[in-house]
file data-v4.csv (CSV, C-alpha atoms)
chain,number,residue,atom,x,y,z
C,1442,MET,CA,-18.4,114.2,5.1
C,1443,LYS,CA,-16.2,111.8,7.0
C,1444,VAL,CA,-19.2,109.6,7.7
C,1445,VAL,CA,-20.1,109.4,4.0
C,1446,ILE,CA,-16.5,108.4,3.1
C,1447,LYS,CA,-16.5,105.7,5.7
C,1448,LYS,CA,-19.8,104.3,4.4
C,1449,ILE,CA,-18.4,104.3,0.8
C,1450,ILE,CA,-15.3,102.4,1.9
C,1451,LEU,CA,-17.4,99.9,3.8
C,1452,LEU,CA,-19.6,99.3,0.8
C,1453,LEU,CA,-16.6,98.8,-1.4
C,1454,ILE,CA,-15.1,96.2,1.0
C,1455,ILE,CA,-18.4,94.3,1.2
C,1456,SER,CA,-18.7,94.3,-2.6
C,1457,PHE,CA,-15.2,93.0,-2.9
C,1458,LEU,CA,-15.8,90.2,-0.4
C,1459,ILE,CA,-19.0,89.1,-2.2
C,1460,GLN,CA,-17.1,89.0,-5.5
C,1461,VAL,CA,-14.4,86.8,-4.0
C,1462,VAL,CA,-17.0,84.4,-2.6
C,1463,CYS,CA,-18.9,84.1,-5.8
C,1464,ASN,CA,-15.7,83.4,-7.8
C,1465,THR,CA,-14.6,80.7,-5.4
C,1466,GLU,CA,-18.0,79.0,-5.6
C,1467,THR,CA,-17.9,79.1,-9.4
C,1468,ALA,CA,-14.4,77.6,-9.6
C,1469,THR,CA,-15.4,74.9,-7.1
C,1470,SER,CA,-18.5,73.9,-9.0
C,1471,GLN,CA,-16.5,73.4,-12.2
C,1472,ASN,CA,-14.4,70.7,-10.5
C,1473,TYR,CA,-17.4,68.4,-10.0
C,1474,PRO,CA,-19.5,66.4,-12.5
C,1475,SER,CA,-22.7,68.0,-13.7
C,1476,GLY,CA,-25.6,67.4,-11.3
C,1477,THR,CA,-23.3,66.3,-8.4
C,1478,SER,CA,-23.2,68.2,-5.2
C,1479,ASN,CA,-20.0,69.1,-3.3
C,1480,ASN,CA,-21.0,66.8,-0.4
C,1481,THR,CA,-21.5,63.8,-2.8
C,1482,VAL,CA,-18.1,64.2,-4.4
C,1483,THR,CA,-16.4,64.5,-1.1
C,1484,GLU,CA,-17.9,61.1,-0.2
C,1485,VAL,CA,-16.6,59.6,-3.5
C,1486,ARG,CA,-13.2,60.8,-2.8
C,1487,LYS,CA,-13.3,59.3,0.7
C,1488,THR,CA,-14.4,56.0,-0.8
C,1489,LYS,CA,-11.6,56.0,-3.4
C,1490,ALA,CA,-9.1,56.9,-0.7
C,1491,GLY,CA,-10.4,54.0,1.4
C,1492,ARG,CA,-10.0,51.5,-1.5
C,1493,SER,CA,-6.5,52.6,-2.3
C,1494,THR,CA,-5.3,51.8,1.2
C,1495,GLU,CA,-7.2,48.6,1.6
C,1496,LYS,CA,-4.9,45.6,1.8
C,1497,THR,CA,-5.5,41.9,1.3
C,1498,GLU,CA,-3.2,39.3,2.9
C,1499,LEU,CA,-3.0,36.0,1.2
C,1500,PHE,CA,-1.1,33.1,2.8
C,1501,LEU,CA,0.6,30.8,0.3
C,1502,ALA,CA,2.0,27.4,1.4
C,1503,ALA,CA,4.4,26.1,-1.3
C,1504,ALA,CA,6.8,23.3,-1.7
C,1505,ALA,CA,10.4,24.1,-0.8
C,1506,SER,CA,11.5,23.5,-4.4
C,1507,LEU,CA,9.4,26.6,-5.4
C,1508,THR,CA,11.2,29.0,-3.1
C,1509,ASP,CA,13.2,31.0,-5.7
C,1510,VAL,CA,10.7,31.1,-8.6
C,1511,THR,CA,7.8,31.9,-6.3
C,1512,THR,CA,9.7,34.8,-4.7
C,1513,GLU,CA,10.3,36.3,-8.1
C,1514,ILE,CA,6.7,35.9,-9.2
C,1515,ILE,CA,5.3,37.5,-6.0
C,1516,ARG,CA,7.6,40.5,-6.6
C,1517,LEU,CA,6.1,40.9,-10.1
C,1518,TYR,CA,2.6,40.4,-8.8
C,1519,LYS,CA,3.0,43.3,-6.5
C,1520,SER,CA,3.1,45.6,-9.6
C,1521,VAL,CA,-0.1,44.1,-10.9
C,1522,LYS,CA,-2.0,44.0,-7.5
C,1523,PRO,CA,-0.2,46.4,-5.2
C,1524,ASN,CA,-2.9,46.0,-2.5
C,1525,VAL,CA,-2.4,42.2,-2.3
C,1526,ASN,CA,0.3,41.1,0.1
C,1527,ILE,CA,1.3,37.5,-0.3
C,1528,ILE,CA,2.9,35.8,2.8
C,1529,CYS,CA,4.7,32.6,1.9
C,1530,THR,CA,5.6,29.5,3.9
C,1531,PHE,CA,8.1,27.1,2.1
C,1532,SER,CA,8.6,23.6,3.4
C,1533,SER,CA,8.1,20.0,2.5
C,1534,SER,CA,4.7,19.3,0.9
C,1535,GLY,CA,3.9,16.8,3.6
C,1536,THR,CA,4.7,19.2,6.4
C,1537,LEU,CA,2.5,21.9,4.8
C,1538,GLN,CA,-0.3,19.4,4.4
C,1539,THR,CA,-0.2,18.6,8.1
C,1540,GLN,CA,-0.1,22.2,9.1
C,1541,ILE,CA,-3.2,22.9,6.9
C,1542,GLU,CA,-5.0,20.0,8.5
C,1543,GLU,CA,-4.2,21.4,11.9
C,1544,GLY,CA,-5.7,24.8,11.0
C,1545,ALA,CA,-2.7,26.9,10.0
C,1546,PRO,CA,-3.7,30.0,8.0
C,1547,ALA,CA,-3.4,29.2,4.3
C,1548,ASP,CA,-5.3,30.5,1.2
C,1549,ILE,CA,-3.3,28.7,-1.5
C,1550,PHE,CA,-1.4,25.4,-1.4
C,1551,ILE,CA,1.1,24.3,-4.1
C,1552,SER,CA,2.5,20.8,-3.6
C,1553,ALA,CA,5.3,19.0,-5.2
C,1554,SER,CA,3.1,15.9,-5.4
C,1555,LYS,CA,-0.5,15.0,-6.1
C,1556,LYS,CA,-0.6,12.9,-2.9
C,1557,GLN,CA,-0.9,15.7,-0.4
C,1558,VAL,CA,-3.5,17.6,-2.4
C,1559,THR,CA,-5.6,14.5,-2.8
C,1560,THR,CA,-5.5,13.9,0.9
C,1561,LEU,CA,-6.7,17.4,1.6
C,1562,GLU,CA,-9.5,17.0,-1.0
C,1563,GLU,CA,-10.7,13.8,0.7
C,1564,LYS,CA,-10.9,15.7,4.0
C,1565,GLY,CA,-13.0,18.4,2.4
C,1566,LEU,CA,-10.3,21.1,2.8
C,1567,VAL,CA,-10.0,22.2,-0.8
C,1568,LYS,CA,-12.3,24.6,-2.5
C,1569,GLU,CA,-14.1,22.7,-5.3
C,1570,GLY,CA,-13.1,23.5,-8.8
C,1571,THR,CA,-9.9,25.3,-8.0
C,1572,LYS,CA,-7.3,22.5,-8.5
C,1573,LYS,CA,-4.9,23.1,-11.3
C,1574,GLU,CA,-1.9,20.9,-12.3
C,1575,LEU,CA,0.6,23.6,-12.7
C,1576,LEU,CA,4.1,22.3,-13.3
C,1577,ILE,CA,6.2,19.3,-14.0
C,1578,ASN,CA,9.7,18.6,-12.7
C,1579,LYS,CA,12.4,15.9,-13.0
C,1580,VAL,CA,14.3,13.9,-10.4
C,1581,VAL,CA,18.1,13.8,-10.7
C,1582,LEU,CA,21.1,12.2,-9.0
C,1583,ILE,CA,23.7,14.8,-7.9
C,1584,THR,CA,27.2,14.7,-6.3
C,1585,PRO,CA,29.5,17.4,-5.0
C,1586,ALA,CA,31.0,19.3,-7.9
C,1587,ASP,CA,34.3,17.3,-7.8
C,1588,ASN,CA,32.4,13.9,-7.9
C,1589,GLU,CA,35.4,12.2,-6.2
C,1590,LYS,CA,33.6,8.8,-6.2
C,1591,ASN,CA,33.1,9.0,-9.9
C,1592,ILE,CA,29.4,8.2,-9.6
C,1593,THR,CA,27.7,7.7,-13.0
C,1594,SER,CA,24.2,6.1,-12.3
C,1595,PHE,CA,21.5,5.4,-9.8
C,1596,GLU,CA,22.3,1.7,-9.9
C,1597,GLU,CA,25.8,2.4,-8.4
C,1598,LEU,CA,24.2,3.6,-5.2
C,1599,SER,CA,23.9,0.0,-4.1
C,1600,THR,CA,27.6,-0.6,-4.5
C,1601,ASP,CA,30.3,-0.4,-1.8
C,1602,LYS,CA,31.9,2.7,-3.2
C,1603,ILE,CA,28.9,4.7,-2.0
C,1604,SER,CA,28.6,5.1,1.8
C,1605,THR,CA,26.3,8.1,2.3
C,1606,ILE,CA,23.3,9.3,0.3
C,1607,ALA,CA,21.1,12.4,1.0
C,1608,LEU,CA,17.4,11.8,0.5
C,1609,GLY,CA,14.2,13.5,1.4
C,1610,GLU,CA,12.3,12.0,4.3
C,1611,PRO,CA,9.8,9.7,2.5
C,1612,SER,CA,6.9,10.2,4.9
C,1613,SER,CA,6.7,14.0,4.3
C,1614,VAL,CA,9.0,15.0,1.4
C,1615,PRO,CA,7.8,14.1,-2.1
C,1616,VAL,CA,11.3,13.9,-3.6
C,1617,GLY,CA,12.0,11.3,-0.9
C,1618,GLN,CA,8.9,9.4,-2.0
C,1619,TYR,CA,10.0,9.6,-5.7
C,1620,SER,CA,13.5,8.4,-4.7
C,1621,GLU,CA,12.1,5.3,-3.0
C,1622,GLU,CA,10.0,4.5,-6.1
C,1623,ILE,CA,13.2,4.7,-8.2
C,1624,PHE,CA,15.1,2.4,-5.9
C,1625,SER,CA,12.2,0.0,-5.8
C,1626,TYR,CA,12.1,0.0,-9.6
C,1627,LEU,CA,15.8,-0.7,-9.7
C,1628,ARG,CA,15.4,-3.3,-6.9
C,1629,ILE,CA,18.1,-1.7,-4.8
C,1630,LEU,CA,16.0,-0.1,-2.0
C,1631,ASP,CA,17.1,-2.5,0.7
C,1632,LYS,CA,20.8,-1.7,-0.1
C,1633,VAL,CA,20.3,2.0,-0.3
C,1634,LYS,CA,18.3,2.6,3.0
C,1635,PRO,CA,21.2,1.9,5.4
C,1636,LYS,CA,23.2,4.6,3.6
C,1637,ALA,CA,20.5,7.3,3.7
C,1638,ASN,CA,20.6,10.6,5.5
C,1639,TYR,CA,17.1,11.9,5.5
C,1640,GLY,CA,16.5,15.6,5.1
C,1641,SER,CA,13.4,17.6,6.1
C,1642,ASP,CA,13.0,19.0,2.6
C,1643,VAL,CA,14.7,19.0,-0.8
C,1644,ARG,CA,16.7,22.1,0.0
C,1645,GLN,CA,18.3,20.4,3.0
C,1646,VAL,CA,19.3,17.5,0.7
C,1647,LEU,CA,20.8,19.9,-1.7
C,1648,THR,CA,22.8,21.7,1.0
C,1649,TRP,CA,24.3,18.5,2.3
C,1650,VAL,CA,25.5,17.6,-1.2
C,1651,GLU,CA,26.8,21.1,-1.8
C,1652,ASN,CA,28.8,21.0,1.4
C,1653,GLY,CA,30.3,17.6,0.7
C,1654,ASP,CA,28.6,16.0,3.8
C,1655,VAL,CA,27.4,13.0,1.7
C,1656,ASP,CA,28.6,11.2,-1.4
C,1657,CYS,CA,25.5,12.0,-3.4
C,1658,GLY,CA,21.8,13.0,-3.2
C,1659,VAL,CA,18.5,12.9,-5.0
C,1660,VAL,CA,16.8,16.2,-5.8
C,1661,TYR,CA,14.7,17.9,-8.4
C,1662,ALA,CA,16.4,19.1,-11.6
C,1663,THR,CA,15.3,22.7,-10.8
C,1664,ASP,CA,17.0,22.6,-7.4
C,1665,ALA,CA,20.2,21.2,-8.9
C,1666,ALA,CA,20.2,24.0,-11.5
C,1667,LEU,CA,20.4,26.6,-8.8
C,1668,ALA,CA,23.6,25.2,-7.2
C,1669,ASP,CA,27.1,25.8,-8.5
C,1670,LYS,CA,28.7,23.3,-6.1
C,1671,VAL,CA,26.9,20.2,-7.3
C,1672,LYS,CA,27.1,18.1,-10.4
C,1673,VAL,CA,24.1,16.4,-12.1
C,1674,VAL,CA,25.1,12.8,-12.7
C,1675,CYS,CA,21.9,11.7,-14.5
C,1676,GLU,CA,18.1,11.8,-14.5
C,1677,ALA,CA,16.0,9.0,-13.0
C,1678,PRO,CA,15.3,6.2,-15.4
C,1679,VAL,CA,12.2,6.6,-17.5
C,1680,ASN,CA,9.0,5.2,-15.8
C,1681,SER,CA,10.9,4.6,-12.6
C,1682,HIS,CA,8.7,6.9,-10.5
C,1683,LYS,CA,5.3,8.7,-10.7
C,1684,PRO,CA,5.3,11.9,-12.8
C,1685,VAL,CA,6.5,14.9,-10.7
C,1686,ILE,CA,3.4,17.1,-11.0
C,1687,TYR,CA,2.8,20.3,-8.9
C,1688,PRO,CA,-0.9,20.8,-8.2
C,1689,ALA,CA,-2.2,24.2,-6.9
C,1690,VAL,CA,-5.4,24.7,-5.0
C,1691,VAL,CA,-7.4,27.3,-3.1
C,1692,LEU,CA,-8.3,26.1,0.4
C,1693,LYS,CA,-11.9,26.1,1.5
C,1694,SER,CA,-10.9,28.0,4.7
C,1695,SER,CA,-9.6,31.0,2.7
C,1696,LYS,CA,-11.2,34.3,3.7
C,1697,HIS,CA,-10.1,35.8,0.4
C,1698,SER,CA,-10.9,33.0,-2.1
C,1699,GLY,CA,-11.6,35.4,-4.9
C,1700,GLU,CA,-8.2,37.0,-4.7
C,1701,ALA,CA,-6.6,33.6,-4.2
C,1702,GLU,CA,-8.2,32.4,-7.5
C,1703,GLU,CA,-7.0,35.5,-9.3
C,1704,PHE,CA,-3.4,34.7,-8.2
C,1705,LEU,CA,-3.7,31.1,-9.4
C,1706,SER,CA,-4.9,32.4,-12.8
C,1707,TYR,CA,-2.0,34.8,-12.9
C,1708,LEU,CA,0.4,31.8,-12.6
C,1709,SER,CA,-0.9,30.6,-15.9
C,1710,THR,CA,-0.3,33.8,-17.9
C,1711,PRO,CA,2.4,33.6,-20.6
C,1712,GLU,CA,4.7,35.9,-18.7
C,1713,ILE,CA,4.7,33.8,-15.6
C,1714,GLU,CA,4.9,30.5,-17.6
C,1715,ASN,CA,8.2,31.8,-19.1
C,1716,ILE,CA,9.5,32.5,-15.6
C,1717,PHE,CA,8.8,29.0,-14.5
C,1718,LYS,CA,10.6,27.7,-17.6
C,1719,LYS,CA,13.6,29.9,-16.8
C,1720,TYR,CA,13.9,28.1,-13.5
C,1721,GLY,CA,13.7,24.7,-15.3
C,1722,PHE,CA,10.1,23.7,-14.7
C,1723,GLU,CA,7.9,22.4,-17.4
C,1724,VAL,CA,4.5,24.0,-17.6
C,1725,GLU,CA,1.4,21.8,-17.8

call {"tool": "encode", "arguments": {"input": "data-v4.csv", "output": "structure tokens"}}
result
Amino acid sequence: MKVVIKKIILLLIISFLIQVVCNTETATSQNYPSGTSNNTVTEVRKTKAGRSTEKTELFLAAAASLTDVTTEIIRLYKSVKPNVNIICTFSSSGTLQTQIEEGAPADIFISASKKQVTTLEEKGLVKEGTKKELLINKVVLITPADNEKNITSFEELSTDKISTIALGEPSSVPVGQYSEEIFSYLRILDKVKPKANYGSDVRQVLTWVENGDVDCGVVYATDAALADKVKVVCEAPVNSHKPVIYPAVVLKSSKHSGEAEEFLSYLSTPEIENIFKKYGFEVE
């Protein structure tokens, strides 16, 4: 009798286990698309997981005058393309051009002047068809906020009341090149040069004026707008220099040219154009 009872109990246990296994398999099969095996779906999940963690690094070389606006734009782009990490280098356009020529990693270059991009094009370093004239800026004369010398115009820079002027280094800093064009237009370049303190980029020029280290300086309107400790005296005379145009390009050496072109396209969206305008740039 005891043997019979044991057999009955054993059969009940086996029946229960079989039922549990069947229910589990039914529930599992309902989680997959029709006609897809469990093994296939597992592979799909692995692929999706792989893509979600895949990161792309883009190296952006940009003119120093773009530091603040570009930092904000990249922060926004992270919400659009979370897997794209943009690493920025901000400096004078001429310095960036030289670094690119020497093989520094860069996917995108945004210059404060056409000159540097044209040179890179002539050397075959720009991906064909990617150049876009992105922005326009203005050149302004600034003084420390108190303007003790009571400077009112570019023409006054040749007079004895001005002893020190902060300028970008003309050989590598576009705002320095524009400044020399202005002084040549006004026929005062020879009188201004002995007073010049040359900065490595436009932000250094701005800092010198902010700190009162010089009587005045020449910067972009967008840089002056960011500083509370300077006063804008005037804009450069009309037609006194080449238009300040910011071209953007993807470089031929880019390992992620598709993603780089996507970012350049993003810079022309209405939302981003409004951000450029907020910082004082004109959009091409």

call {"tool": "residues_near_point", "arguments": {"input": "data-v4.csv", "point": "(16.1, 19.5, 6.0)", "cutoff": "6 Å", "atoms": "all atoms listed in the file", "output": "PyMOL selection string"}}
result
chain C and resi 1640-1642+1645

call {"tool": "closest_residue", "arguments": {"input": "data-v4.csv", "among": "C:Pro1585, C:Pro1635, C:Pro1678, C:Gly1535", "to": "C:Pro1611", "atoms": "only C-alpha atoms"}}
result
C:Gly1535

call {"tool": "closest_residue", "arguments": {"input": "data-v4.csv", "among": "C:Leu1627, C:Val1690, C:Glu1700, C:Ala1662", "to": "C:Asn1524", "atoms": "all atoms listed in the file"}}
result
C:Glu1700

call {"tool": "closest_residue", "arguments": {"input": "data-v4.csv", "among": "C:Val1679, C:Ile1716, C:Val1655, C:Leu1576", "to": "C:Thr1512", "atoms": "all atoms listed in the file"}}
result
C:Ile1716

call {"tool": "residues_around", "arguments": {"input": "data-v4.csv", "residues": "C:Gly1653", "least_positions_apart": "6", "cutoff": "10 Å", "atoms": "all atoms listed in the file", "output": "PDB file with C-alpha atoms, in the frame of the given file"}}
result
ATOM      1  CA  THR C1584      27.200  14.700  -6.300  1.00  0.00           C
ATOM      2  CA  PRO C1585      29.500  17.400  -5.000  1.00  0.00           C
ATOM      3  CA  ALA C1586      31.000  19.300  -7.900  1.00  0.00           C
ATOM      4  CA  ASP C1587      34.300  17.300  -7.800  1.00  0.00           C
ATOM      5  CA  ASN C1588      32.400  13.900  -7.900  1.00  0.00           C
ATOM      6  CA  LYS C1670      28.700  23.300  -6.100  1.00  0.00           C
ATOM      7  CA  VAL C1671      26.900  20.200  -7.300  1.00  0.00           C
TER       8      VAL C1671
END

call {"tool": "residues_around", "arguments": {"input": "data-v4.csv", "residues": "stretch 1665-1669 of chain C", "least_positions_apart": "4", "cutoff": "12 Å", "atoms": "only C-alpha atoms", "output": "ChimeraX atom specification"}}
result
/C:1506-1510,1578-1587,1643-1644,1646-1652,1657-1661,1673-1676,1718-1722

call {"tool": "residues_around", "arguments": {"input": "data-v4.csv", "residues": "C:Ile1551", "least_positions_apart": "6", "cutoff": "7 Å", "atoms": "all atoms listed in the file", "output": "NGL selection string"}}
result
:C and (1502-1504 or 1687-1690)

call {"tool": "residues_around", "arguments": {"input": "data-v4.csv", "residues": "stretch 1537-1544 of chain C", "least_positions_apart": "3", "cutoff": "12 Å", "atoms": "all atoms listed in the file", "output": "ChimeraX atom specification"}}
result
/C:1500-1505,1529-1534,1547-1567,1612-1615,1641-1642,1690-1695

call {"tool": "residues_around", "arguments": {"input": "data-v4.csv", "residues": "stretch 1682-1684 of chain C", "least_positions_apart": "4", "cutoff": "7 Å", "atoms": "all atoms listed in the file", "output": "ChimeraX atom specification"}}
result
/C:1619,1622-1623

call {"tool": "closest_residue", "arguments": {"input": "data-v4.csv", "among": "C:Asp1654, C:Glu1498, C:Glu1569, C:Asp1631", "to": "C:Ser1599", "atoms": "only C-alpha atoms"}}
result
C:Asp1631

call {"tool": "atom_distance", "arguments": {"input": "data-v4.csv", "atom1": "atom CA of C:Leu1499", "atom2": "atom CA of C:Asp1664"}}
result
25.6 Å

call {"tool": "atom_distance", "arguments": {"input": "data-v4.csv", "atom1": "atom CA of C:Glu1723", "atom2": "atom CA of C:Tyr1639"}}
result
26.8 Å

call {"tool": "atom_distance", "arguments": {"input": "data-v4.csv", "atom1": "atom CA of C:Ser1709", "atom2": "atom CA of C:Gly1617"}}
result
27.6 Å

call {"tool": "closest_residue", "arguments": {"input": "data-v4.csv", "among": "C:Glu1703, C:Ile1515, C:Glu1596, C:Glu1495", "to": "C:Leu1630", "atoms": "all atoms listed in the file"}}
result
C:Glu1596
